[in-house]
Structures are given as structure tokens and as C-alpha cells.
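Input: a single structure, listed below in C-alpha cells.
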Amino acid sequence: MTPQTVETDPEMVTADVVVVGCGPAGIAAAVVASERGLRVMIVDRGLEPGGQIWRHVADAAKPAIADRWIRRLSASAVRTVRGASVVDVEVAADGFGILADVSGRAMRIRSTHLILATGARELFIPFDGWTLPGVMGIGGAQALLKSGASFAGKRVAIAGSGPLMLPVAASLARAGARVVRVAEQASRSSVMRFASGLWSSPSLLLQAAQYRARFITSAYSLGTWVTAAHGDERVETVTVTNGRRNWRDKVDMLCTGYGLVPNIELARLIGCETRDGAVVVDEQQHTTVTNVFAVGEVTGIGGAPLALVEGQIAGAKVGSNSPPARELARKRELLIQAAQRMSAAFAPRAELRSLPGSDTIVCRCEDVLYGAVQGAACARQAKLYTRVGMGPCQGRTCMPGLEFLLGWQPDSIRPPIEPVSVSVLSSEIADGATPSFLSNSTVGEAYQ
Amino acid sequence: MSSNVTAVPADIVVDGRHVRVPSNCTVAVALFDLGVSAFRKSVSGQPRGPVCAMGVCFECRVTIDGTPHQRACLIPVADGMQIRTAGES
Amino acid sequence: MTARPDVIVIGAGIVGAACAEAITRSGRRVLILDASFAGSGTTAAGMGHLVVMDDTPAEIALSAYSVGLWRELVPKLPRTVEYRPCGTLWVAEDEEQLDAVREKQRIYSEHGISAETLSPSQLAEAEPHLRPGLAGALHVPGDGVIYPPNGALALVQMAIANGAEIREGVRVDAIGVREVLAGDERISCDCVVNAAGAQAPALTPGLPIVPRKGHLVITERYPDFCHHQLVELGYLASAHTMTTESVAFNVQPRATGQLLIGSSRELVGWDASVNRNIVRKMLDRALDFMPDIGSAAAIRIWTGFRPATPDAVPLIGAWDESPGLWIAAGHEGLGITTSLGTGQLLADLMAGQQTAIDAAPFAPSRVLVGEAVHS
């Protein structure tokens with residue numbers, strides 16, 4: 001560690017509503033609340049609005065709806081803090097005290113309401129070789145691609161589950177990658193049953209057909225999964241199985257992931273009730289904590305259309321007593337039902353529970369082997385004895401998979417909810433600082 | 001972001017090697033395109049590279065301008081930036 | 001366990017584990033009961049500093065004895081206990097504290113503990129990230145560090161190898177006369193050891209032990225940042241003055257290369273939540289001594305409850321109010337260090353054998369006569 005001076009005099013700002021996350025749900029919530037006259041601030045880790053799903057705003061293939069909402073955000077009075085990680089939220093009688101790390105500087109924000117739009121991350125199930133360089137998340141590969149990385153000429157296998165695989169395969173193929181296989185673990189019958197239900201959502205079916213056409217040369221294998229990755233310094237081949245037969249594919253990269261898990265850490269820190277890994281909300285997106293709303297994937301994986309609807313509902317409801325528009329409520333209900341059908345169709349099969357062997361690394365931060373944690377009575381015991389989940393990712397990468405494999409319940413949560421410098425953590429609001437609501441529209445610029 | 005990727009180049013140093021990369025891209029993208037696969041060494045000495053590319057997994061950690069444990073996927077490159085990966089000699 | 005246990009140890013924290021291990025060596029059949037699992041309570045929250053402390057004659061006797069026992073035990077411990085012989089630097093801020101350092105050195109040498117006084121330049125050389133302008137330090141090379149939960153686990157496993165049994169997830173509801181009640185179960189034995197730490201008074205009313213909350217912050221790995229356990233000389237005042245709130249500079253290089261930053265003390269009952277204000281004060285204190293620690297990434301904060309006694313001396317020995325009942329509790333922030341000495345002391349007392357150090361200052365009965373041995 002080099003001696004380094006970190007600015008510690010924090011900015012102190014106030015808002016009526018702080019929205020954490022700038023994906024579709026956060027944007028919709030912020031825009032609607034702001035248009036109602038509330039002072040709204042978005043705090044987001046990204047450097048651009050849109051979250052993961054609307055990353056790469058300049059892409060011609062970006063949905064028109066993303067364009068519309070991002071324009072509406074720009075035109076609104078919403079203040080956005082970019083490159084900012086929320087590391088702690090204190091709940092007080094008069095509101096919330098938010099500590100954000102903005103490129104190594106502390107920012108403290110007071111608000112009376114919170115809208116959590118913290119999105120989701122990928123579910124990883126560990127297998128031999130998954131720690132080799134070149135093995136990435138499916139969403140991870142997409143994020144790199146959207147950030148400008150070149151995949152031209154790379155042999156890529158995509159293995160895992162869920163509707164994200166097809167669009168990622170398509171965009172990789174479009175970028176010049178050779179997609180050698182898309183292995184969907186869900187069975188053909190399960191996926192077909194789901195696909196036939198898509199007649200009720202024609203746009204989704206259309207999308208699926210387009211994706212299929214774009215990488216028609218590669219194999220889309222249903223009921224198929226990867227059991228191991230092999231290579232010395234990076235992945236070279238992967239073992240694929242359909243439960244009856246095993247074979248190897250030669251690859252430069254393997255993209256893997258078994259769907260998404262909501263980022264519920266902040267909600268849990270605040271004390272919001274969660275169920276089955278998602279934040280519990282009522283029909284108006286209110287959590288079990290007063291004045292805290294949750295929208296989008298954090299309330300259950302449902303995709304961008306549902307996220308937009310939930311965001312609008314929360315944005316209309318926050319700080320008011322009005323019921324949500326009937327039309328939005330109806331859409332929400334239908335989209336939630338569709339999401340539930342999707343989750344059921346792509347639920348991980350039982351065979352995946354035997355993916356890791358006792359010598360398979362499960363915790364990438366601390367290099368803990370599966371055999372070391374299998375006998376633990378609970379997550380906390382495994383953490384204390386083996387350090388599994390105790391590294392800088394705070395268990396976000398391994399714990400959802402271990403919960404799937406071993407039936408653990410999530411352990412307790414404490415601040416900071418992500419690593420933060422001692423300087424930022426120790427920063428105090430300067431004496432005599434007058435809370436002021438910044439007038440420039442993009443606070444984050446000051447920090448970049 | 002990628003619309004600007006080719007706009008202005010940035011001169012950075014990766015493990016002692018002087019390279020020119022598009023500015024406005026993240027360190028992770030720059031290293032990926034340079035063919036770096038081992039961004040960091042794990043606690044047991046294994047090579048590791050990016051997994052989530054969105055700040056969650058901490059597998060893409062590198063040392064930037066002397067500060068260790070920086071997430072390459074979250075930090076944009078800057079002219080003159082010194083980056084050390086697991087591959088440093 | 002099919003056979004009736006001779007001794008039931010309640011609590012598989014590091015103190016209970018050490019007692020169980022020592023008692024099994026005298027040939028007794030031991031049953032360990034823990035409401036959760038071994039090392040999961042105060043032990044899990046501890047820093048794991050194996051340190052000789054000299055606040056009272058009783059304390060230096062027990063801690064010096066214990067650190068010696070740890071050094072003997074180390075070769076038998078699994079690697080997971082992460083023993084690191086890093087030594088301690090007691091850092092003096094000014095000349096007055098340096099005088100205290102010299103006095104400390106004198107006391108240590110009386111007890112056969114090797115220690116040397118470092119000049120400001122020697123201190124700066126030993127720990128370059130400490131701020132300039134410090135007056136010096138006392139270097140105690142025999143101190144060390146372990147990873148506490150795995151220390152407790154290793155002791156439990158040694159006890160099991162000697163014939164003990166552990167039942168985890170068993171909450172004891174009451175201690176009777178030569179028996180323990182847990183749910184529907186009534187388990188009889190010859191002796192009961194209450195090693196339930198800060199929860200000991202719930203089972204033995206009258207024990208003057210209160211939970212004293214502490215916070216710790218752990219960072220990412222910075223393997224060369226510091227080399228010794230660093231403690232400000234003012235730590236003793238923080239540890240031994242029962243004020244409602246105090247912090248002290250205390251930084252430990254873990255075997256992993258992580259930095260563990262302490263310490264705080266609060267009397268707030270059993271509220272385990274993170275107190276952001278005291279964390280800020282604690283980190284400010286660390287930044288005052290080590291400004292460069294500001295750029296270290298903190299990855300986790302936790303809290304724990306030290307079992308504190310009014311006279312800052314643990315309760316080790318027979319509880320005269322109840323035949324067959326023994327106490328090994330009240331070790332405040334020194335339980336990891338003094339666990340081994342406590343276990344051996346208790347086992348020797350129970351066996352009616354000569355003890356290696358004078359057991360009288362630790363006699364729990366001192367609280368029954370309403371008089372502290374040490375003021």
C-alpha cells in the first residue's frame with residue numbers, strides 16, 4: 001500500500017428521495033418522483049445511466065425504450081451521482097443517512113425516503129476449473145463486450161441457464177466471436193413449455209427468434225451443461241454433458257451463469273424483510289420498512305419491462321397517499337406471473353448439486369474448497385472456520401451457489417456492504433456544514 | 001461508452017510495458033484487449049481474471065498507480081496510469 | 001455419550017474449550033455443551049492477540065503463564081489456527097508515556113518476560129507506517145496472534161481426542177446440584193464448569209459479569225504494511241477503566257496479511273448492532289497513529305461482547321454457593337490469551353493439585369464477600 005492522501009471532507013447533501021441504482025427501475029422511479037416535484041437523487045456505481053441491462057447507451061441495438069427513459073431522466077431535475085457505491089445506510093427517526101464512496105471520496109446524503117433499485121447479479125454454481133481465467137459470467141462477458149472489449153475470433157461456449165444466454169450469444173456472434181455452443185441446463189420439454197407460453201408475450205418470442213437467427217451456426221443444446229473447465233493458465237477446453245454422454249469442446253472462453261440473484265444486501269442492512277432471496281414488497285413497492293421502497297430485480301427477477309412498471313409505481317407512490325394507476329397495477333401482475341413461469345422453466349436441475357467435488361474451489365476470494373464447507377451446520381460456522389465468503393466480495397459470488405448446494409440460509413449483514421477505504425468509513429460530516437441540495441444536475445461530474 | 005472508445009488514446013504502462021489504449025474504456029477492457037488473462041493471483045497463487053465485469057466479484061483486482069486491490073472493471077483508464085497485474089515480472 | 005460424564009463444561013468458547021482439554025488430561029470424562037457451536041460467541045469476535053498484560057499482579061501472572069503455554073502448544077496446533085509470533089509494540093506518544101514504558105519493562109523483566117524499549121528511530125524502522133514524532137515503544141517479542149475460532153475448535157478437537165464429547169446447539173437452561181438441565185434433558189455429573197462467558201450470570205446468578213461491547217474492522221490484504229501487533233500505551237486505561245465508552249489504537253497484522261483494527265469498549269447491554277460513531281472514533285484513532293491506513297480497504301466490521309468483571313480479574317475456581325460448580329468466566333478482552341492458563345488452573349484445582357500460579361486472586365468467592373481482591 002502506498003501512502004496516499006484521501007480527501008476526507010465529505011459532501012453533505014439532502015434529498016426527499018434517494019434512489020440507489022440507475023437501471024430501468026431506478027430511472028423510472030426517480031423520473032416519476034421528480035416529475036411530481038420531489039427532490040430526487042440517484043446514487044449509482046455505473047459511469048453511465050442504464051444499469052447492466054441498458055449499458056452501452058450508444059448501441060444502435062439498444063431498445064428504443066431505453067433511449068426514451070434516459071432522455072426523460074436527462075430532462076428531469078433528478079440529480080445523479082455516478083461512480084458511487086453506497087456502503088452504508090443508517091436508519092434514523094427522521095430519515096436515512098447514506099454513506100457513498102465516490103471514487104475514493106466520502107459523500108453523505110440525508111433523505112426522508114429511499115428507493116432501492118439495486119438490481120441483480122449472476123448465480124454461479126461452482127465446478128472444477130471455474131476459477132480459470134477465461135471463465136466468465138454470461139452477464140460479465142456481455143458487460144465487457146458492451147464496454148468495448150473485443151471478442152473477435154474468440155471461440156466461446158455459453159453454458160448455464162436462462163433467457164440471458166441467447167441475447168448474449170447473439171451479441172458475441174455479432175462482435176465476431178465464434179459461439180461454439182450454447183448449453184442450456186433446463187430440459188427441452190421445460191423450455192418448450194415456456195416458449196409456447198410466450199404467445200402471450202409476442203415481443204419476447206420475436207426477440208428469441210431474432211437471437212436464434214443471429215448465431216444459427218452454433219449448437220443450442222437443451223438439457224446440457226458444463227461439468228468442468230480445463231487448462232493451465234487459462235481455460236482451453238470444457239467438459240459438456242447431457243446426462244448420458246460427456247464430450248469436450250475446445251474454447252478460448254466459457255461464459256457461465258445460472259440465472260440471476262437479487263442484490264438484497266442493502267435492503268437487508270436497512271432491515272427490510274426478504275423472502276426466497278428477494279425483498280418483500282406490497283403492490284405499491286413498499287418494503288417492510290417505513291419509507292423504503294424496492295423496485296426491479298431486487299424484488300424478484302422479472303426483467304426490464306417489470307422493472308419499469310415497478311419503478312413508475314414507486315415513483316408515484318413515494319411521499320404520497322395516492323393509489324397506483326390501475327393500468328400499471330394490471331401490467332405488474334401480468335409481468336410477475338410471466339416472470340414466475342420463467343423462473344420455473346429455468347430452475348436449476350438437481351444434477352447441478354453434484355457439480356463441485358470436494359477439491360473444487362467454492363470461494364474465489366479465499367480459495368476455500370467445497371470439501372471444507374460441506375459439513376458445516378450453517379453459513380456462519382463455515383465462514384468462521386474456513387473464511388468462505390469472508391473476502392472482499394463479501395460472499396456475493398459464492399454464497400448464493402452454496403445456498404443452492406447446501407441449503408444454507410444467508411448470514412447476518414453489517415456495514416460496510418462493500419469494501420471501502422478506512423478514510424471514507426471514518427469520515428464525518430464537517431462541523432458547521434450546512435446541508436445543501438446541490439444545484440448542478442450531475443453531482444458525480446465533480447468527482448470524476 | 002464504447003462510442004467514444006476510439007476517440008482519444010491513452011498511454012498507460014502495464015507491468016512495465018508501455019501501451020496505447022482507447023481512453024474512456026475501463027482498465028478491465030484495456031487489459032482484456034491486450035490479451036492479459038491473469039489479472040491477479042489468488043491467495044493460493046492461482047491466476048484469476050474478470051468474472052462479473054460489474055464490480056461484484058473482485059476477481060479483476062489489479063494494482064493501479066501503486067494502490068492494490070483496485071477493481072479493473074470499474075475504473076476508467078487514464079493517461080499515464082501504471083497498472084500491475086499478476087503477470088508482472 | 002453413553003457413560004455419565006464426570007464433568008460438564010458449559011460453553012465451547014476458547015475458555016470452555018481450554019478447560020475441557022485440560023480436564024480430559026487428568027483422565028476425567030468430559031461433556032462439552034454449547035448453545036451454538038465451538039468458538040462462535042465472544043471467541044469469534046476476538047482479535048486473537050496473545051499478549052502479556054501487566055495491569056495487576058494477577059493479570060501478569062495469568063497472562064505470562066498462558067503465553068508460555070501457547071508457545072508450548074503451537075507445534076501441536078493445526079495450521080488453521082494461524083499462529084504468528086509477531087510480538088507486540090506498546091507505542092508511547094510522549095515522554096510521560098515513555099516513562100510508563102520503562103516501568104512496564106521493569107515489571108516484565110521481574111516476571112521473566114523479555115522486552116526492550118525502542119527509541120523513536122528504532123520504532124520508525126520497525127513500523128515505517130506509524131506517524132513520525134512518537135516517543136518510542138516497548139517491544140515484547142514473545143507475544144503473538146492466533147485466529148480465535150479455530151483456536152477454540154483445535155482445543156475442542158484435542159479434548160475429543162482425549163475422550164471428551166461435544167454437543168453443539170444445546171442450550172443449557174439451568175445448572176442444578178451436580179446436574180445440568182437442557183430442554184427436556186437432565187444430565188447428571190460430578191462437576192459443572194460454567195464457562196458461558198458473558199452469559200455465565202444467566203446460569204449462575206450472582207456472578208458480577210457484564211457484556212462489554214467491542215468493534216473490530218478488518219481490511220483487505222496488505223502483507224507488508226505492519227509487522228507487529230501495535231497497541232497504544234493508553235490501551236490499558238481504555239481496557240481497565242469502566243467508562244461507558246472508550247477507544248484505543250490497536251492494529252494487528254493477521255497471518256493472512258489482513259489488518260485488524262481495534263479497539264472500542266462500550267457498556268450498552270446486548271445490542272450487537274454496529275455503532276457508526278464509535279467506529280469512526282476508533283478509525284480516527286488508528287488514522288492518528290497510522291495515517292497511511294486510510295487507504296486500506298475495510299471489508300468487514302463486527303461486534304462482540306467481552307465478559308467484564310468489576311475488578312478486571314477473571315473468575316476461575318469453585319463456586320462455594322453450589323457444590324460441584326466451578327466457574328471459568330469473566331476474562332474481558334484477554335480470554336484468548338488466558339484461556340490456556342485458565343484451563344490448566346481450573347483442572348489443577350479440580351484435581352486438588354498444586355497450581356503453577358497462585359489461584360487465590362481468581363477465586364470466584366471473592367465476589368461473594370462483596371470485596372474485590374484488587375481495587
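Chains: A, B, ... in order of the C-alpha cells. Residues: from 1 per chain. Ligands: from 1, in order shown.
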
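Every protein or nucleic acid residue with an atom no more than 6 Å from stretch 68-85 of chain B, counting only C-alpha atoms and leaving out same-chain residues fewer than 5 positions away, appears here: Ala10, Asp11, Ile12, Val13, Val14, Asp15, Ser23, Asn24, Cys25, Thr26, Val27, Ala28, Phe39, Arg40, Ala53, Cys60, Arg61, Val62 and Thr63 of chain B.
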
Write a file of the just-selected residues containing N, CA and C atoms, as a PDB file, in the first residue's frame.
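New file part_38.pdb:
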```pdb
ATOM      1  N   ALA B  10      -5.071   6.672 -24.802  1.00  0.00           N
ATOM      2  CA  ALA B  10      -4.386   6.949 -23.537  1.00  0.00           C
ATOM      3  C   ALA B  10      -3.124   6.092 -23.500  1.00  0.00           C
ATOM      4  N   ASP B  11      -2.048   6.671 -23.024  1.00  0.00           N
ATOM      5  CA  ASP B  11      -0.809   5.908 -22.888  1.00  0.00           C
ATOM      6  C   ASP B  11      -0.705   5.420 -21.451  1.00  0.00           C
ATOM      7  N   ILE B  12      -0.682   4.096 -21.308  1.00  0.00           N
ATOM      8  CA  ILE B  12      -0.605   3.525 -19.963  1.00  0.00           C
ATOM      9  C   ILE B  12       0.565   2.543 -19.909  1.00  0.00           C
ATOM     10  N   VAL B  13       0.914   2.141 -18.696  1.00  0.00           N
ATOM     11  CA  VAL B  13       2.002   1.185 -18.509  1.00  0.00           C
ATOM     12  C   VAL B  13       1.429  -0.052 -17.826  1.00  0.00           C
ATOM     13  N   VAL B  14       1.530  -1.177 -18.483  1.00  0.00           N
ATOM     14  CA  VAL B  14       1.022  -2.429 -17.923  1.00  0.00           C
ATOM     15  C   VAL B  14       2.205  -3.345 -17.643  1.00  0.00           C
ATOM     16  N   ASP B  15       2.450  -3.609 -16.371  1.00  0.00           N
ATOM     17  CA  ASP B  15       3.576  -4.465 -15.969  1.00  0.00           C
ATOM     18  C   ASP B  15       4.875  -4.009 -16.642  1.00  0.00           C
ATOM     19  N   SER B  23      -8.860   5.690 -24.650  1.00  0.00           N
ATOM     20  CA  SER B  23      -9.243   6.282 -23.366  1.00  0.00           C
ATOM     21  C   SER B  23     -10.738   6.058 -23.227  1.00  0.00           C
ATOM     22  N   ASN B  24     -11.264   6.299 -22.048  1.00  0.00           N
ATOM     23  CA  ASN B  24     -12.699   6.135 -21.836  1.00  0.00           C
ATOM     24  C   ASN B  24     -13.122   4.675 -21.783  1.00  0.00           C
ATOM     25  N   CYS B  25     -12.183   3.745 -21.881  1.00  0.00           N
ATOM     26  CA  CYS B  25     -12.578   2.368 -21.616  1.00  0.00           C
ATOM     27  C   CYS B  25     -12.100   2.033 -20.207  1.00  0.00           C
ATOM     28  N   THR B  26     -12.644   0.958 -19.655  1.00  0.00           N
ATOM     29  CA  THR B  26     -12.205   0.595 -18.311  1.00  0.00           C
ATOM     30  C   THR B  26     -10.861  -0.117 -18.390  1.00  0.00           C
ATOM     31  N   VAL B  27     -10.195  -0.182 -17.248  1.00  0.00           N
ATOM     32  CA  VAL B  27      -8.932  -0.902 -17.171  1.00  0.00           C
ATOM     33  C   VAL B  27      -9.144  -2.365 -17.577  1.00  0.00           C
ATOM     34  N   ALA B  28     -10.275  -2.938 -17.166  1.00  0.00           N
ATOM     35  CA  ALA B  28     -10.541  -4.348 -17.496  1.00  0.00           C
ATOM     36  C   ALA B  28     -10.605  -4.545 -19.007  1.00  0.00           C
ATOM     37  N   PHE B  39      -5.289 -11.408 -14.251  1.00  0.00           N
ATOM     38  CA  PHE B  39      -5.285 -10.059 -13.680  1.00  0.00           C
ATOM     39  C   PHE B  39      -4.634 -10.075 -12.301  1.00  0.00           C
ATOM     40  N   ARG B  40      -4.954 -11.099 -11.518  1.00  0.00           N
ATOM     41  CA  ARG B  40      -4.413 -11.176 -10.161  1.00  0.00           C
ATOM     42  C   ARG B  40      -4.034 -12.617  -9.852  1.00  0.00           C
ATOM     43  N   ALA B  53     -17.454  -8.465 -14.287  1.00  0.00           N
ATOM     44  CA  ALA B  53     -17.255  -7.209 -15.018  1.00  0.00           C
ATOM     45  C   ALA B  53     -18.208  -6.105 -14.580  1.00  0.00           C
ATOM     46  N   CYS B  60     -11.060  -9.197 -10.754  1.00  0.00           N
ATOM     47  CA  CYS B  60     -10.261  -8.438 -11.720  1.00  0.00           C
ATOM     48  C   CYS B  60      -9.351  -7.436 -11.021  1.00  0.00           C
ATOM     49  N   ARG B  61      -9.102  -7.661  -9.732  1.00  0.00           N
ATOM     50  CA  ARG B  61      -8.288  -6.694  -8.983  1.00  0.00           C
ATOM     51  C   ARG B  61      -6.864  -6.581  -9.540  1.00  0.00           C
ATOM     52  N   VAL B  62      -6.410  -5.364  -9.671  1.00  0.00           N
ATOM     53  CA  VAL B  62      -5.042  -5.069 -10.091  1.00  0.00           C
ATOM     54  C   VAL B  62      -4.517  -3.920  -9.221  1.00  0.00           C
ATOM     55  N   THR B  63      -3.229  -3.669  -9.344  1.00  0.00           N
ATOM     56  CA  THR B  63      -2.645  -2.532  -8.636  1.00  0.00           C
ATOM     57  C   THR B  63      -2.573  -1.350  -9.608  1.00  0.00           C
TER      58      THR B  63
END
```

Point to revise | Contacts of A:Ile27 at 9 Å (only C-alpha atoms; same-chain gap of 5+ positions) as a VMD selection string | key: chain A and resid 19 21 to 22 32 42 49 to 50 69 to 70 72 to 73 117 308 311 to 312

Point to revise | Exercise answer, chain C residues close to chain A, 10 Å and only C-alpha atoms, as a ChimeraX atom specification | key: /C:36-40,44-45,80-81,129,147-151,153,168-169,217-225,256,261,273-287,291-303

Pull C-alpha atoms from the residues just selected and write them as a short mmCIF file (atom, residue, chain, number, x, y, z; two decimals), in the first residue's frame.
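File written: part.cif
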```
data_model
loop_
_atom_site.label_atom_id
_atom_site.label_comp_id
_atom_site.auth_asym_id
_atom_site.auth_seq_id
_atom_site.Cartn_x
_atom_site.Cartn_y
_atom_site.Cartn_z
CA SER C 36 -24.39 -22.76 19.13
CA PHE C 37 -21.00 -24.17 18.05
CA ALA C 38 -17.41 -24.11 19.24
CA GLY C 39 -15.81 -20.68 19.18
CA SER C 40 -18.94 -18.95 17.91
CA ALA C 44 -15.31 -15.47 17.23
CA ALA C 45 -15.28 -11.73 17.77
CA THR C 80 -5.67 -23.22 10.54
CA VAL C 81 -5.05 -21.68 13.97
CA HIS C 129 3.80 3.47 8.63
CA TYR C 147 -7.20 -16.94 14.68
CA PRO C 148 -9.52 -17.46 17.66
CA PRO C 149 -12.43 -19.56 16.35
CA ASN C 150 -10.03 -22.15 15.01
CA GLY C 151 -8.08 -21.98 18.27
CA LEU C 153 -12.01 -25.63 17.57
CA GLU C 168 -23.47 -28.29 19.85
CA GLY C 169 -26.77 -26.47 19.51
CA VAL C 217 -12.68 -3.63 11.45
CA ILE C 218 -10.79 -5.95 9.09
CA THR C 219 -9.21 -4.91 5.82
CA GLU C 220 -8.11 -6.43 2.56
CA ARG C 221 -4.63 -7.99 2.45
CA TYR C 222 -1.65 -5.64 2.82
CA PRO C 223 1.06 -8.11 3.81
CA ASP C 224 3.92 -5.69 4.38
CA PHE C 225 2.03 -2.83 5.92
CA THR C 256 -3.36 -13.64 6.03
CA ILE C 261 -8.22 -2.56 13.53
CA SER C 273 -25.52 -3.50 16.07
CA VAL C 274 -22.63 -1.56 14.60
CA ASN C 275 -22.31 1.84 16.29
CA ARG C 276 -21.09 4.07 13.46
CA ASN C 277 -19.99 6.83 15.78
CA ILE C 278 -17.69 4.64 17.80
CA VAL C 279 -16.35 3.02 14.63
CA ARG C 280 -15.47 6.50 13.36
CA LYS C 281 -13.73 7.35 16.63
CA MET C 282 -11.86 4.07 16.57
CA LEU C 283 -10.73 4.57 12.99
CA ASP C 284 -9.78 8.19 13.70
CA ARG C 285 -7.56 6.92 16.47
CA ALA C 286 -5.96 4.45 14.06
CA LEU C 287 -5.52 7.19 11.46
CA PRO C 291 -2.20 7.92 8.61
CA ASP C 292 -1.50 5.58 5.69
CA ILE C 293 -4.03 3.08 6.94
CA GLY C 294 -6.62 5.45 5.47
CA SER C 295 -6.17 3.99 2.01
CA ALA C 296 -6.65 0.41 3.22
CA ALA C 297 -9.97 -1.10 2.17
CA ALA C 298 -12.12 -2.13 5.12
CA ILE C 299 -14.08 -5.22 4.16
CA ARG C 300 -15.99 -6.08 7.32
CA ILE C 301 -16.95 -4.78 10.74
CA TRP C 302 -18.15 -6.92 13.58
CA THR C 303 -19.04 -6.58 17.22
#
```

Practice item. DSSP on the backbone, then: every residue of stretch 97-343 of chain A marked helix (DSSP H, G or I), written as a PyMOL selection string. Key: chain A and resi 138-146+165-174+188-200+202-214+265-270+296-299+303-317+326-343

If we count only C-alpha atoms, what is near B:Pro50 at a cut-off of 10 Å, once residues fewer than 4 positions away on the same chain are taken out, given as a PDB file with C-alpha atoms, in the first residue's frame?
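Okay, this is what ended up in result_15.pdb:
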```pdb
ATOM      1  CA  THR A 131     -11.717 -20.242 -11.468  1.00  0.00           C
ATOM      2  CA  LEU A 132      -9.520 -20.394 -14.605  1.00  0.00           C
ATOM      3  CA  PRO A 133      -9.048 -17.093 -16.418  1.00  0.00           C
ATOM      4  CA  GLY A 134     -11.316 -17.087 -19.445  1.00  0.00           C
ATOM      5  CA  VAL A 135     -14.257 -18.461 -17.485  1.00  0.00           C
ATOM      6  CA  MET A 136     -16.615 -15.536 -17.017  1.00  0.00           C
ATOM      7  CA  GLY A 137     -20.179 -14.808 -16.133  1.00  0.00           C
ATOM      8  CA  GLY A 140     -19.961 -10.476 -17.267  1.00  0.00           C
ATOM      9  CA  ALA A 141     -18.992 -11.223 -20.869  1.00  0.00           C
ATOM     10  CA  LEU A 144     -17.179  -6.437 -21.096  1.00  0.00           C
TER      11      LEU A 144
ATOM     12  CA  ALA B  28     -10.541  -4.348 -17.496  1.00  0.00           C
ATOM     13  CA  VAL B  29     -11.405  -3.762 -21.154  1.00  0.00           C
ATOM     14  CA  PHE B  32      -8.673  -7.888 -21.910  1.00  0.00           C
ATOM     15  CA  SER B  37      -5.741 -13.236 -18.784  1.00  0.00           C
ATOM     16  CA  ALA B  38      -4.280 -13.357 -15.243  1.00  0.00           C
ATOM     17  CA  PHE B  39      -5.285 -10.059 -13.680  1.00  0.00           C
ATOM     18  CA  ARG B  40      -4.413 -11.176 -10.161  1.00  0.00           C
ATOM     19  CA  MET B  54     -19.628  -5.176 -12.879  1.00  0.00           C
ATOM     20  CA  GLY B  55     -17.810  -4.665  -9.604  1.00  0.00           C
ATOM     21  CA  CYS B  57     -16.744 -10.456  -7.831  1.00  0.00           C
ATOM     22  CA  PHE B  58     -13.395  -8.715  -7.144  1.00  0.00           C
ATOM     23  CA  GLU B  59     -11.585 -11.175  -9.428  1.00  0.00           C
ATOM     24  CA  CYS B  60     -10.261  -8.438 -11.720  1.00  0.00           C
ATOM     25  CA  ARG B  61      -8.288  -6.694  -8.983  1.00  0.00           C
ATOM     26  CA  ARG B  71     -11.354  -3.352  -9.464  1.00  0.00           C
ATOM     27  CA  ALA B  72     -10.269  -3.048 -13.092  1.00  0.00           C
ATOM     28  CA  CYS B  73     -13.857  -3.280 -14.308  1.00  0.00           C
TER      29      CYS B  73
END
```

Practice item. Please give the complete set of residues from stretch 163-284 of chain C that DSSP, run on the backbone, assigns to strand (DSSP E), formatted as a VMD selection string. Key: chain C and resid 165 to 168 174 to 176 179 to 182 185 to 188 191 to 194 210 to 221 229 to 232 245 to 253 258 to 266

Practice item. Find the residues around C:Thr244 up to 10 Å (only C-alpha atoms counted), leave out those fewer than 2 positions away in its own chain, and share them as a list in words. Key: Arg212, Thr241, Met242, Ser246, Arg265, Glu266, Leu267 and Val268 of chain C

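Take the candidates B:Val36, B:Lys41, B:Val51, B:Gly87 and check each one against chain A using only C-alpha atoms; the shortest distance goes to B:Val51.
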
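Nearest residue to C:Gly176, choosing from C:Glu321, C:Asp358, C:Glu72, C:Glu59 and counting only C-alpha atoms: C:Glu321.
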
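Here the question is which of C:Gly206, C:Gly197, C:Gly257, C:Gly330 gets nearest to chain B using only C-alpha atoms, and that residue is C:Gly257.
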
Exercise for review: Please provide the set of residues having any atom within 10 Å of C:Ile187, restricted to only C-alpha atoms, with same-chain residues fewer than 6 positions apart removed, written as an NGL selection string.
Suggested key: :C and (4-5 or 8 or 31 or 175-176 or 178-181)

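Non-sequential neighbours of stretch 332-341 of chain C (distance at most 6 Å, separation of 6 or more positions within a chain, only C-alpha atoms) are Val15, Ala18, Gly48, Leu50, Ser63, Ser66, Arg306, Pro307 and Ala308 of chain C.
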
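Here atom CA of C:Arg186 and atom CA of C:Ser26 stand 25.0 Å from one another.
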